[in-house]
Structure formats: C-alpha cells, structure tokens
Amino acid sequence: MSAPLTTPRAIGLVARREFVTQVRKKSFLISNAIVLAAIVVGIVATSIFSGGNDERPTVGIVGASSLSTTLGSLGDATGMPLDISELPDADTGREQVKAGDLDVALIPGTDESIVAVTESDLDTELKALIDAAAVQEAQSAALVSRGVDPAAIAAETSRARVVVEALDAPDPEQGQRVILSIVAVILLYMQILLFGTYVAMGVVEEKSSRVVELLLSTLRPLQLLWGKIFGIGAVGLLQLTAYGVVGVGASLATGTLTITGTAIGVLAGTIGWFVLGFAFFAVLYAAAGSMVSRQEDVNSTSGPLMMIILVMFFAAFSSVDDPEA
C-alpha cells in the first residue's frame with residue numbers, strides 16, 4: 001500500500017492538472033491570442049489617431065506688414081501657434097479660403113480696420129488672437145504718430161506680469177492616471193468573475209462525472225479544493241499578466257502612456273489584488289458549485305456572488321472616477 005500524499009504534494013498535483021488542462025485548450029490559446037492582438041492594434045490606432053490633431057490654423061495676410069509678426073508672437077505666447085503666409089491681394093485670399101487652403105484671410109479695410117475672410121464661422125480662440133493683434137497694432141501706430149517708441153514702451157512694461165501660485169496645482173498626467181485606473185479595475189473584476197466561475201464549473205464537472213469519488217479516495221477535500229483554486233488561479237494570473245504586460249508595453253512604446261513608473265506600479269498592484277480577490281471569491285464559488293449537480297444550475301447558486309462582485313466593482317469604479325477619493 002502506497003504512502004499517503006503529503007498536503008503540499010497533493011495540492012501541487014491537483015493544481016498542475018488544472019493548470020495544464022486549461023492552458024492546453026485550443027479555445028484558451030486562440031481567444032487570448034486574439035485579445036492580445038486586439039490590445040496592441042487598439043493602442044497603436046489610438047496613438048496614431050490621437051496624434052494627428054495638431055494642425056496649425058492657417059492665416060493669410062494681404063501685404064507685408066508687422067501684423068504677421070505680432071500675430072505670430074501672440075499665437076506662440078498663448079500656446080496656439082499659427083501658420084502665417086503673405087498674400088498678394090484680397091482676391092487671392094478669398095480664393096484660397098474658398099478652396100480650403102486657408103482658415104482665414106486678413107485684408108486691410110477702411111479706417112485702419114481688418115477684414116477677416118472665412119468660409120463659415122471663425123474659431124473663437126483664433127478670433128481672440130486676431131483681435132488682440134489688431135489692437136496691439138493700432139496701439140503701436142498711435143504711439144508712433146505721437147513720437148513714442150513702441151519698443152521702448154514694451155521694454156519698460158515687460159516686467160509687469162502675473163505669477164500664478166496654485167494652492168492645488170493641476171496634475172498634467174491626471175487623465176492618464178484615471179484611464180489607467182479604470183482599465184485596471186475593469187480587468188481585475190472581469191478576471192475574478194471569469195475564473196471564479198471556472199472554479200464552480202470545475203467542481204460541478206467532477207461531481208457529475210464521479211471523478212470526485214476517485215480523487216477523494218487518495219486526497220482530502222481541502223487538498224482537492226486548494227489544488228483546484230491554485231491551478232485555475234495560476235491560469236487567471238498568467239492571462240492577467242499577459243494582458244497587462246502587453247498593454248502597458250505597447251502604450252509606453254507608442255507614447256500613449258508617459259507615466260512609466262505609475263503604469264508599472266498599477267500593473268503590479270492589479271496582479272496583487274487579483275491574487276487576494278481570487279483567493280477569497282474562489283472558495284465561495286467552489287461552495288456554490290458543490291451545491292448543485294448540473295452545470296446548468298451553477299448560475300442559480302453563484303448569482304448572489306456575481307451581485308456582490310458587481311456592487312464592489314461599481315464602488316471601486318466610482319472611487320476611481322472621483323478625483324477626491
């Protein structure tokens with residue numbers, strides 16, 4: 001008669017059987033390959049399309065004047081750089097606006113006014129820049145007419161500026177942090193829910209095939225339970241790690257994420273919380289599976305667990321979405 005298996009060896013054998021059975025399934029391999037490819041494609045597409053919205057507004061100015069210099073300086077100072085070109089006459093400006101080559105054409109009007117020709121409405125920020133440049137040009141002309149050097153006035157007044165002292169300075173990377181946290185929460189609870197269900201289904205499958213009677217002749221119930229939890233949990237941990245590493249790696253490589261340390265920290269934290277959350281819920285799912293004899297009935301006993309997970313999910317989701325949380 002063979003010696004009984006020690007607890008660590010018994011749990012290890014059951015865990016290895018569960019792990020190998022899951023990862024060798026074609027459905028598991030194909031589905032994960034598709035998901036990983038979709039993650040990479042989605043991140044690359046996001047990087048490409050989000051980086052294509054940095055076109056400068058195009059402005060044409062009739063005649064060589066200091067307005068182009070003033071307008072360009074104001075645009076750079078306010079974070080709205082402009083693509084400024086000179087136009088030979090007003091007709092050329094109107095034609096280029098109509099053809100879509102220019103966003104706006106500035107034409108000298110009567111009484112030192114400026115006519116802004118656009119195809120439809122003029123962008124509010126662009127109009128504000130043009131108004132400010134026109135006012136500055138008018139002020140310079142008025143100073144020159146009175147024998148005052150505008151450059152000297154500008155030098156004297158350059159020291160007058162507003163220094164912002166923010167008590168609660170905005171975080172320029174807050175958007176990335178929020179999105180990263182939301183993705184981590186969604187992925188974490190999906191994995192716990194999915195692989196917790198696998199535990200319950202596995203318990204029912206062994207009961208219906210009478211395998212559990214053979215296993216319990218050599219194993220204790222707790223050895224079988226923890227072996228199943230460790231084996232299926234290892235599969236979930238492997239899948240979660242693969243998703244996280246590929247997602248974070250692709251995001252950092254494409255520049256979609258610039259917070260390298262935070263991204264790696266969130267990935268490590270998500271993996272740690274999965275281990276704890278799965279260990280807790282897997283035991284409950286195993287208990288739910290032991291209460292029925294058919295896989296069709298698993299949903300009825302595991303329904304309350306799903307509701308608990310969903311309540312926790314929405315609570316975590318709301319705390320992530322709240323910047324004060």
# chains A, B, ... in the order shown; residues from 1 in each chain; ligands from 1

$ select_by_dssp --residues "stretch 21-199 of chain A" --states "alpha helix (DSSP H)" --output "JSON, numbers by chain"
{"A": [21, 22, 23, 26, 27, 28, 29, 30, 31, 32, 33, 34, 35, 36, 37, 38, 39, 40, 41, 42, 43, 44, 45, 46, 47, 48, 49, 50, 67, 68, 69, 70, 71, 72, 73, 74, 75, 76, 77, 90, 91, 92, 93, 94, 95, 96, 97, 98, 99, 124, 125, 126, 127, 128, 129, 130, 131, 132, 133, 134, 135, 136, 137, 138, 139, 140, 141, 142, 143, 144, 145, 150, 151, 152, 153, 154, 155, 156, 157, 174, 175, 176, 177, 178, 179, 180, 181, 182, 183, 184, 185, 186, 187, 188, 189, 190, 191, 192, 193, 194, 195, 196, 197, 198, 199]}

$ residues_around --residues "A:Leu129" --least-positions-apart "5" --cutoff "12 Å" --atoms "only C-alpha atoms" --output "number ranges by chain"
A: 57, 59, 67-68, 70-82, 116, 122-124, 134-136

$ select_by_dssp --residues "stretch 102-140 of chain A" --states "strand (DSSP E)" --output "ChimeraX atom specification"
/A:104-108,114-117

$ closest_residue --among "A:Leu237, A:Ile48, A:Val117, A:Ala286" --to "A:Thr270" --atoms "only C-alpha atoms"
A:Leu237

$ residues_around --residues "A:Ser47" --least-positions-apart "6" --cutoff "10 Å" --atoms "only C-alpha atoms" --output "ChimeraX atom specification"
/A:41,250-251,253-257

$ residues_around --residues "A:Phe280" --least-positions-apart "6" --cutoff "12 Å" --atoms "only C-alpha atoms" --output "list in words"
Ile192, Leu193, Gly196, Trp226, Ile229, Phe230, Gly233, Trp273, Phe274, Ala286, Ala287, Leu305 and Ile309 of chain A

$ write_last_selection --atoms "N, CA and C atoms" --output "PDB file, in the first residue's frame"
ATOM      1  N   ILE A 192     -11.578  38.051 -11.991  1.00  0.00           N
ATOM      2  CA  ILE A 192     -12.094  37.367 -10.802  1.00  0.00           C
ATOM      3  C   ILE A 192     -13.426  36.694 -11.108  1.00  0.00           C
ATOM      4  N   LEU A 193     -14.294  37.399 -11.812  1.00  0.00           N
ATOM      5  CA  LEU A 193     -15.608  36.838 -12.144  1.00  0.00           C
ATOM      6  C   LEU A 193     -15.471  35.645 -13.078  1.00  0.00           C
ATOM      7  N   GLY A 196     -13.465  32.699 -11.258  1.00  0.00           N
ATOM      8  CA  GLY A 196     -14.282  32.171 -10.176  1.00  0.00           C
ATOM      9  C   GLY A 196     -15.355  31.243 -10.706  1.00  0.00           C
ATOM     10  N   TRP A 226      -7.997  23.352  -2.601  1.00  0.00           N
ATOM     11  CA  TRP A 226      -6.920  24.322  -2.787  1.00  0.00           C
ATOM     12  C   TRP A 226      -6.109  24.037  -4.039  1.00  0.00           C
ATOM     13  N   ILE A 229      -8.147  25.615  -6.775  1.00  0.00           N
ATOM     14  CA  ILE A 229      -8.075  27.087  -6.706  1.00  0.00           C
ATOM     15  C   ILE A 229      -6.712  27.580  -7.190  1.00  0.00           C
ATOM     16  N   PHE A 230      -5.628  26.929  -6.733  1.00  0.00           N
ATOM     17  CA  PHE A 230      -4.291  27.366  -7.146  1.00  0.00           C
ATOM     18  C   PHE A 230      -4.077  27.161  -8.641  1.00  0.00           C
ATOM     19  N   GLY A 233      -6.375  29.563 -10.541  1.00  0.00           N
ATOM     20  CA  GLY A 233      -5.882  30.907 -10.250  1.00  0.00           C
ATOM     21  C   GLY A 233      -4.594  31.221 -10.975  1.00  0.00           C
ATOM     22  N   TRP A 273      -3.808  42.467  -6.174  1.00  0.00           N
ATOM     23  CA  TRP A 273      -5.212  42.457  -5.763  1.00  0.00           C
ATOM     24  C   TRP A 273      -5.958  41.280  -6.393  1.00  0.00           C
ATOM     25  N   PHE A 274      -5.543  40.844  -7.580  1.00  0.00           N
ATOM     26  CA  PHE A 274      -6.182  39.672  -8.179  1.00  0.00           C
ATOM     27  C   PHE A 274      -5.926  38.433  -7.334  1.00  0.00           C
ATOM     28  N   ALA A 286     -16.439  27.795  -5.274  1.00  0.00           N
ATOM     29  CA  ALA A 286     -16.367  26.339  -5.089  1.00  0.00           C
ATOM     30  C   ALA A 286     -17.532  25.845  -4.243  1.00  0.00           C
ATOM     31  N   ALA A 287     -17.874  26.598  -3.205  1.00  0.00           N
ATOM     32  CA  ALA A 287     -19.029  26.232  -2.377  1.00  0.00           C
ATOM     33  C   ALA A 287     -20.320  26.299  -3.186  1.00  0.00           C
ATOM     34  N   LEU A 305     -23.121  35.745  -5.632  1.00  0.00           N
ATOM     35  CA  LEU A 305     -21.707  36.135  -5.676  1.00  0.00           C
ATOM     36  C   LEU A 305     -21.456  37.156  -6.784  1.00  0.00           C
ATOM     37  N   ILE A 309     -19.901  40.939  -6.440  1.00  0.00           N
ATOM     38  CA  ILE A 309     -18.765  41.413  -7.245  1.00  0.00           C
ATOM     39  C   ILE A 309     -19.139  42.672  -8.010  1.00  0.00           C
TER      40      ILE A 309
END

$ atom_distance --atom1 "atom CA of A:Thr260" --atom2 "atom CA of A:Leu180"
11.4 Å

$ residues_around --residues "stretch 84-86 of chain A" --least-positions-apart "3" --cutoff "7 Å" --atoms "only C-alpha atoms" --output "PyMOL selection string"
chain A and resi 58-64+68

$ closest_residue --among "A:Val246, A:Val275, A:Met201, A:Ile232" --to "A:Glu296" --atoms "only C-alpha atoms"
A:Met201

$ residues_around --residues "A:Pro304" --least-positions-apart "6" --cutoff "12 Å" --atoms "only C-alpha atoms" --output "list in words"
Phe281, Leu284, Tyr285, Ala288, Val298, Leu310 and Val311 of chain A

$ write_last_selection --atoms "all heavy atoms" --output "compact mmCIF listing (two decimals), in the first residue's frame"
# COMPACT_ATOMS: atom_id res chain seq x y z
N PHE A 281 -12.87 34.86 -3.41
CA PHE A 281 -14.09 34.50 -4.14
C PHE A 281 -14.05 33.08 -4.70
O PHE A 281 -15.10 32.46 -4.90
CB PHE A 281 -14.34 35.49 -5.28
CG PHE A 281 -14.95 36.78 -4.83
CD1 PHE A 281 -14.18 37.91 -4.68
CD2 PHE A 281 -16.31 36.84 -4.53
CE1 PHE A 281 -14.75 39.10 -4.24
CE2 PHE A 281 -16.88 38.03 -4.10
CZ PHE A 281 -16.10 39.16 -3.96
N LEU A 284 -15.71 30.76 -2.33
CA LEU A 284 -17.16 30.92 -2.37
C LEU A 284 -17.75 30.30 -3.64
O LEU A 284 -18.82 29.68 -3.60
CB LEU A 284 -17.53 32.40 -2.29
CG LEU A 284 -17.06 33.14 -1.01
CD1 LEU A 284 -17.47 34.60 -1.07
CD2 LEU A 284 -17.65 32.47 0.22
N TYR A 285 -17.05 30.45 -4.75
CA TYR A 285 -17.54 29.84 -6.00
C TYR A 285 -17.47 28.32 -5.92
O TYR A 285 -18.35 27.61 -6.46
CB TYR A 285 -16.73 30.34 -7.19
CG TYR A 285 -17.32 31.57 -7.84
CD1 TYR A 285 -16.81 32.83 -7.58
CD2 TYR A 285 -18.39 31.47 -8.72
CE1 TYR A 285 -17.35 33.97 -8.15
CE2 TYR A 285 -18.94 32.60 -9.32
CZ TYR A 285 -18.41 33.83 -9.03
OH TYR A 285 -18.96 34.95 -9.61
N ALA A 288 -20.43 27.31 -4.05
CA ALA A 288 -21.63 27.42 -4.90
C ALA A 288 -21.71 26.25 -5.86
O ALA A 288 -22.81 25.72 -6.13
CB ALA A 288 -21.60 28.74 -5.66
N VAL A 298 -25.45 26.13 -12.09
CA VAL A 298 -24.41 26.92 -11.40
C VAL A 298 -24.82 28.38 -11.27
O VAL A 298 -24.58 29.02 -10.24
CB VAL A 298 -23.07 26.79 -12.14
CG1 VAL A 298 -22.04 27.76 -11.57
CG2 VAL A 298 -22.55 25.37 -12.05
N LEU A 310 -20.35 42.71 -8.55
CA LEU A 310 -20.78 43.89 -9.31
C LEU A 310 -20.91 45.11 -8.40
O LEU A 310 -20.54 46.23 -8.79
CB LEU A 310 -22.10 43.61 -10.01
CG LEU A 310 -22.04 42.63 -11.19
CD1 LEU A 310 -23.43 42.38 -11.76
CD2 LEU A 310 -21.10 43.15 -12.28
N VAL A 311 -21.44 44.90 -7.18
CA VAL A 311 -21.53 46.02 -6.23
C VAL A 311 -20.14 46.54 -5.89
O VAL A 311 -19.89 47.76 -5.87
CB VAL A 311 -22.28 45.57 -4.96
CG1 VAL A 311 -22.17 46.64 -3.88
CG2 VAL A 311 -23.75 45.31 -5.28

$ residues_around --residues "stretch 153-165 of chain A" --least-positions-apart "5" --cutoff "10 Å" --atoms "only C-alpha atoms" --output "VMD selection string"
chain A and resid 140 143 148

$ write_last_selection --atoms "all heavy atoms" --output "short mmCIF file (atom, residue, chain, number, x, y, z; two decimals), in the first residue's frame"
data_model
loop_
_atom_site.label_atom_id
_atom_site.label_comp_id
_atom_site.auth_asym_id
_atom_site.auth_seq_id
_atom_site.Cartn_x
_atom_site.Cartn_y
_atom_site.Cartn_z
N SER A 140 0.40 100.53 -31.32
CA SER A 140 1.74 100.87 -31.78
C SER A 140 1.70 102.03 -32.77
O SER A 140 2.54 102.94 -32.72
CB SER A 140 2.40 99.64 -32.43
OG SER A 140 2.55 98.59 -31.49
N LEU A 143 1.11 105.26 -30.92
CA LEU A 143 2.29 105.72 -30.21
C LEU A 143 3.31 106.34 -31.16
O LEU A 143 3.93 107.37 -30.85
CB LEU A 143 2.93 104.55 -29.44
CG LEU A 143 2.14 104.00 -28.25
CD1 LEU A 143 2.80 102.74 -27.71
CD2 LEU A 143 2.02 105.05 -27.15
N VAL A 148 6.33 108.42 -29.86
CA VAL A 148 6.74 107.49 -28.80
C VAL A 148 7.19 106.19 -29.44
O VAL A 148 6.53 105.67 -30.35
CB VAL A 148 5.59 107.23 -27.81
CG1 VAL A 148 6.04 106.27 -26.70
CG2 VAL A 148 5.09 108.53 -27.21
#

$ closest_residue --among "A:Ala152, A:Ala315, A:Met306, A:Ala138" --to "A:Met190" --atoms "only C-alpha atoms"
A:Met306

$ atom_distance --atom1 "atom CA of A:Tyr198" --atom2 "atom CA of A:Gly269"
23.3 Å

$ closest_residue --among "A:Ile43, A:Val23, A:Val292, A:Met307" --to "A:Val235" --atoms "only C-alpha atoms"
A:Val23

$ decode --residues "stretch 233-245 of chain A" --atoms "all heavy atoms" --output "JSON list (two decimals), in the first residue's frame"
[["chain", "number", "residue", "atom", "x", "y", "z"],
["A", 233, "GLY", "N", -6.37, 29.56, -10.54],
["A", 233, "GLY", "CA", -5.88, 30.91, -10.25],
["A", 233, "GLY", "C", -4.59, 31.22, -10.98],
["A", 233, "GLY", "O", -4.38, 32.36, -11.41],
["A", 234, "ALA", "N", -3.72, 30.21, -11.13],
["A", 234, "ALA", "CA", -2.47, 30.43, -11.87],
["A", 234, "ALA", "C", -2.75, 30.74, -13.33],
["A", 234, "ALA", "O", -2.06, 31.56, -13.95],
["A", 234, "ALA", "CB", -1.57, 29.20, -11.74],
["A", 235, "VAL", "N", -3.77, 30.10, -13.89],
["A", 235, "VAL", "CA", -4.15, 30.39, -15.28],
["A", 235, "VAL", "C", -4.65, 31.84, -15.39],
["A", 235, "VAL", "O", -4.28, 32.59, -16.31],
["A", 235, "VAL", "CB", -5.23, 29.41, -15.77],
["A", 235, "VAL", "CG1", -5.66, 29.76, -17.20],
["A", 235, "VAL", "CG2", -4.70, 27.98, -15.72],
["A", 236, "GLY", "N", -5.52, 32.23, -14.44],
["A", 236, "GLY", "CA", -6.01, 33.60, -14.45],
["A", 236, "GLY", "C", -4.90, 34.62, -14.26],
["A", 236, "GLY", "O", -4.88, 35.67, -14.90],
["A", 237, "LEU", "N", -3.95, 34.29, -13.37],
["A", 237, "LEU", "CA", -2.82, 35.19, -13.13],
["A", 237, "LEU", "C", -1.95, 35.31, -14.37],
["A", 237, "LEU", "O", -1.48, 36.41, -14.72],
["A", 237, "LEU", "CB", -2.00, 34.67, -11.96],
["A", 237, "LEU", "CG", -0.83, 35.54, -11.50],
["A", 237, "LEU", "CD1", -1.32, 36.89, -11.02],
["A", 237, "LEU", "CD2", -0.04, 34.83, -10.40],
["A", 238, "LEU", "N", -1.73, 34.19, -15.06],
["A", 238, "LEU", "CA", -0.95, 34.21, -16.30],
["A", 238, "LEU", "C", -1.63, 35.07, -17.36],
["A", 238, "LEU", "O", -0.98, 35.89, -18.03],
["A", 238, "LEU", "CB", -0.76, 32.78, -16.82],
["A", 238, "LEU", "CG", -0.08, 32.64, -18.17],
["A", 238, "LEU", "CD1", 1.36, 33.14, -18.11],
["A", 238, "LEU", "CD2", -0.12, 31.18, -18.65],
["A", 239, "GLN", "N", -2.94, 34.90, -17.50],
["A", 239, "GLN", "CA", -3.67, 35.66, -18.51],
["A", 239, "GLN", "C", -3.68, 37.15, -18.17],
["A", 239, "GLN", "O", -3.45, 38.00, -19.04],
["A", 239, "GLN", "CB", -5.11, 35.14, -18.60],
["A", 239, "GLN", "CG", -5.97, 35.87, -19.61],
["A", 239, "GLN", "CD", -7.32, 35.21, -19.77],
["A", 239, "GLN", "OE1", -7.43, 34.12, -20.32],
["A", 239, "GLN", "NE2", -8.37, 35.88, -19.30],
["A", 240, "LEU", "N", -3.93, 37.48, -16.90],
["A", 240, "LEU", "CA", -3.94, 38.88, -16.48],
["A", 240, "LEU", "C", -2.58, 39.53, -16.68],
["A", 240, "LEU", "O", -2.47, 40.68, -17.15],
["A", 240, "LEU", "CB", -4.36, 38.98, -15.01],
["A", 240, "LEU", "CG", -4.36, 40.37, -14.38],
["A", 240, "LEU", "CD1", -5.37, 41.28, -15.08],
["A", 240, "LEU", "CD2", -4.67, 40.29, -12.89],
["A", 241, "THR", "N", -1.52, 38.81, -16.33],
["A", 241, "THR", "CA", -0.17, 39.34, -16.51],
["A", 241, "THR", "C", 0.14, 39.58, -17.98],
["A", 241, "THR", "O", 0.75, 40.59, -18.34],
["A", 241, "THR", "CB", 0.86, 38.39, -15.90],
["A", 241, "THR", "OG1", 0.55, 38.17, -14.51],
["A", 241, "THR", "CG2", 2.26, 38.95, -16.01],
["A", 242, "ALA", "N", -0.27, 38.64, -18.83],
["A", 242, "ALA", "CA", -0.03, 38.80, -20.27],
["A", 242, "ALA", "C", -0.75, 40.02, -20.81],
["A", 242, "ALA", "O", -0.18, 40.83, -21.56],
["A", 242, "ALA", "CB", -0.47, 37.55, -21.01],
["A", 243, "TYR", "N", -2.02, 40.19, -20.42],
["A", 243, "TYR", "CA", -2.77, 41.37, -20.86],
["A", 243, "TYR", "C", -2.09, 42.66, -20.38],
["A", 243, "TYR", "O", -1.94, 43.62, -21.14],
["A", 243, "TYR", "CB", -4.20, 41.33, -20.31],
["A", 243, "TYR", "CG", -5.08, 40.27, -20.92],
["A", 243, "TYR", "CD1", -6.33, 39.98, -20.37],
["A", 243, "TYR", "CD2", -4.68, 39.54, -22.03],
["A", 243, "TYR", "CE1", -7.15, 39.00, -20.91],
["A", 243, "TYR", "CE2", -5.49, 38.56, -22.58],
["A", 243, "TYR", "CZ", -6.72, 38.30, -22.01],
["A", 243, "TYR", "OH", -7.55, 37.34, -22.56],
["A", 244, "GLY", "N", -1.69, 42.67, -19.10],
["A", 244, "GLY", "CA", -1.11, 43.87, -18.54],
["A", 244, "GLY", "C", 0.24, 44.21, -19.15],
["A", 244, "GLY", "O", 0.51, 45.37, -19.50],
["A", 245, "VAL", "N", 1.11, 43.22, -19.29],
["A", 245, "VAL", "CA", 2.44, 43.46, -19.85],
["A", 245, "VAL", "C", 2.35, 43.94, -21.29],
["A", 245, "VAL", "O", 3.02, 44.91, -21.69],
["A", 245, "VAL", "CB", 3.30, 42.19, -19.73],
["A", 245, "VAL", "CG1", 4.60, 42.35, -20.53],
["A", 245, "VAL", "CG2", 3.62, 41.90, -18.27]]
